[in-house]
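Here's the structure, in structure tokens; my notes come after.
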Amino acid sequence: MKFKQQLVSLAILAAVGSAAFAQSGETVKIALIDPQSGLMGPLGLNQLRSFQFFADTFTKSNAAGVKYEVVGFDNKLSPAESLNALKAAMDQGIRYIAQGNGSSVAGALIDAVNKHNERNPGKEVLFLNYAAVDPDFTNSKCSYWHFRFDADTSMKMEAMTTFMKDQPDIKKVYLLNQNYSHGQQVAKFAKENLSRKRPDIQVVGEDLHPLAQVRDFSPYIAKIKASGADTVITGNWGSDLALLVKAANEGGYNGKFYTYYTGVTGTPTALSTGGAGRVYQIAYQHYNMGGPMEKWMADFKKRYNDDMFTGSVPHIFTALSIAMKNAKSTDPVKVAAALEGLKTNSFNGEIELRKTDHQIQQTLFLTVWQKADKKYPYSPENTGMTLAPVKTFEPYVASTPTSCQMKRPS
């Protein structure tokens, strides 16, 4: 009898131990739905490599003991193609999706995921947003199934204009942005913030242009020069920023640019030495951070001969691993509950996935394009230039309130 009791006790302990690490050894697949062809293809391919690189890195060691696998889907920057990709991913049994290029795409995916999860209990999908920054996604359109790992447009503008208000040489600003939700929001929040912080600054021009369609920005540069603007604010990214700064260099525009995405594929090469001391970026990372980011970037460069600049990706793998460990599961429903309010340290300091709206809170950095040197040596795209830190903003500085009324599953 005593021997049987010991066997039962051992069986219970084994079951408890198994439950505690139920997710250990599982393979977690993430579908990356982003452009891998067309004008924005080079950017999308870089970010696919970033996801694959960190999937391999975190598979070697993570809190949950899971294995990660990333499956890429080319959405051609199209919401319709993205919905097809989402269906294909779910048909393959993938329950985590990631996307970042284009808020129009993100909006379509959020709606589709919400509908799918409502109609298919037990087969829920979680949306990991690493770069689509329309503030509505964590305000009026917030979703329990959506978590954003990048600072939104309003947060970056809050930090950017906090710096700009103390620059007396800024007197006339031109707003040039892509004609979709993100670009429209950049213009909106720029005007609101400047009016509140520096009402003396004039907005002397404003243009919205088609997303990923303009190949020659020289007419826009001519308008900017004619307006007398000493500063341009733009949320452009990918080819739309690279071609814009190329046109500015060739057109002899010597004003300053305040940007969100200078460090992104193609823009460093387009800038070359032409924007030294005149082009600024607001972001949650930069090329010269040291620490784990320095090693990751060096390893990425060695593996792909490319520059890694999307730090929201290691944020995702860090947070997912901790959430799966705490949830003792890879089930998206349980993982979502464990992600809410999660706080941990990442490469740029403490991060928090705010429970009220699933918007990450994190440190932001303002950097300036300048010649690489011993202090700031990393040179993207072999330009001999770099983004050097000018100002650090603690999370509370850029944090903005939310109107989100989160509907959580029962």
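Every chain in the structure tokens has a letter given in the order shown (A, B, ...), and although residue numbers restart at 1 in each chain, ligands are simply numbered from 1 in the order shown.
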Q) Any idea what's packed within 10 Å of segment 334-341 of chain A, counting only C-alpha atoms, ignoring anything in its chain fewer than 3 positions away? Could you give it as a PyMOL selection string? A) chain A and resi 125-127+144-147+319-331+344+351-360+408-409
Q | Test item: residues at most 7 Å from Tyr260 of chain A, only C-alpha atoms, excluding those fewer than 4 positions along its chain, as a ChimeraX atom specification | A | /A:235,281-283
Q.
To one decimal place in Å, what is the distance between atom CA of Val333 of chain A and atom CA of Asn120 of chain A?
A.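 Taking atom CA of Val333 of chain A and atom CA of Asn120 of chain A, their separation equals 12.1 Å.
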Which neighbours of Ser24 of chain A fall inside 9 Å, counting only C-alpha atoms, when residues of the same chain fewer than 3 positions from it are skipped, and could you give them as an mmCIF file with N, CA and C atoms, in the first residue's frame?
data_model
loop_
_atom_site.group_PDB
_atom_site.id
_atom_site.type_symbol
_atom_site.label_atom_id
_atom_site.label_comp_id
_atom_site.auth_asym_id
_atom_site.auth_seq_id
_atom_site.Cartn_x
_atom_site.Cartn_y
_atom_site.Cartn_z
ATOM 1 N N SER A 18 4.597 18.643 -15.428
ATOM 2 C CA SER A 18 4.269 18.721 -16.862
ATOM 3 C C SER A 18 3.387 19.915 -17.143
ATOM 4 N N PHE A 21 5.158 23.296 -17.189
ATOM 5 C CA PHE A 21 5.948 23.581 -18.384
ATOM 6 C C PHE A 21 5.260 23.005 -19.625
ATOM 7 N N THR A 27 6.498 24.213 -30.834
ATOM 8 C CA THR A 27 6.895 25.149 -31.883
ATOM 9 C C THR A 27 5.782 26.184 -32.076
ATOM 10 N N ALA A 64 10.056 30.575 -21.919
ATOM 11 C CA ALA A 64 9.032 29.541 -22.019
ATOM 12 C C ALA A 64 9.559 28.200 -22.508
ATOM 13 N N GLY A 65 10.767 28.199 -23.049
ATOM 14 C CA GLY A 65 11.322 26.958 -23.576
ATOM 15 C C GLY A 65 10.693 26.505 -24.871
ATOM 16 N N VAL A 66 10.093 27.442 -25.615
ATOM 17 C CA VAL A 66 9.435 27.088 -26.878
ATOM 18 C C VAL A 66 10.405 27.273 -28.045
ATOM 19 N N LYS A 67 10.002 26.755 -29.203
ATOM 20 C CA LYS A 67 10.733 26.975 -30.444
ATOM 21 C C LYS A 67 9.911 27.917 -31.317
ATOM 22 N N LYS A 325 5.423 31.613 -20.647
ATOM 23 C CA LYS A 325 5.904 31.006 -19.398
ATOM 24 C C LYS A 325 4.896 31.231 -18.283
ATOM 25 N N LYS A 328 1.749 29.346 -18.866
ATOM 26 C CA LYS A 328 1.970 27.902 -18.970
ATOM 27 C C LYS A 328 1.254 27.339 -20.190
ATOM 28 N N SER A 329 1.253 28.124 -21.261
ATOM 29 C CA SER A 329 0.509 27.738 -22.455
ATOM 30 C C SER A 329 0.942 28.587 -23.635
#
Near segment 209-214 of chain A, 12 Å: segment 27-129 of chain A residue rows, closest pairs, only C-alpha atoms, as CSV:
residue,atom,partner,partner_atom,distance
A:Pro35,CA,A:Ala212,CA,11.3
A:Ser37,CA,A:Ala212,CA,11.8
A:Gly38,CA,A:Ala212,CA,8.7
A:Leu39,CA,A:Ala212,CA,6.4
A:Met40,CA,A:Ala212,CA,7.1
A:Gly41,CA,A:Ala212,CA,10.5
A:Leu43,CA,A:Ala212,CA,12.0
A:Lys76,CA,A:Ala212,CA,10.7
A:Leu77,CA,A:Ala212,CA,9.0
A:Ser78,CA,A:Leu211,CA,11.1
A:Asn101,CA,A:Ala212,CA,11.3
A:Gly102,CA,A:Leu211,CA,9.2
A:Ser103,CA,A:Leu211,CA,11.3
A:Ser104,CA,A:Leu211,CA,10.6
Q: Quick one: pick out all strand (DSSP E) residues within segment 121-355 of chain A from a backbone DSSP run and write them as a PyMOL selection string.
A: chain A and resi 126-129+146-148+172-178+202-209+231-234+256-259+279-283+343-346+349-353
Q) Can you list, as a ChimeraX atom specification, every protein, DNA or RNA residue that comes within 9 Å of Gln285 of chain A when you count only C-alpha atoms, leaving out same-chain residues fewer than 3 positions away? A) /A:282,288-289,309-311,347-348,363-366
Q: In Å, rounded to a single decimal, give me how far atom CA of Phe300 of chain A is from atom CA of Thr265 of chain A.
A: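 Taking atom CA of Thr265 of chain A as the start and atom CA of Phe300 of chain A as the end point, the length is 14.1 Å.
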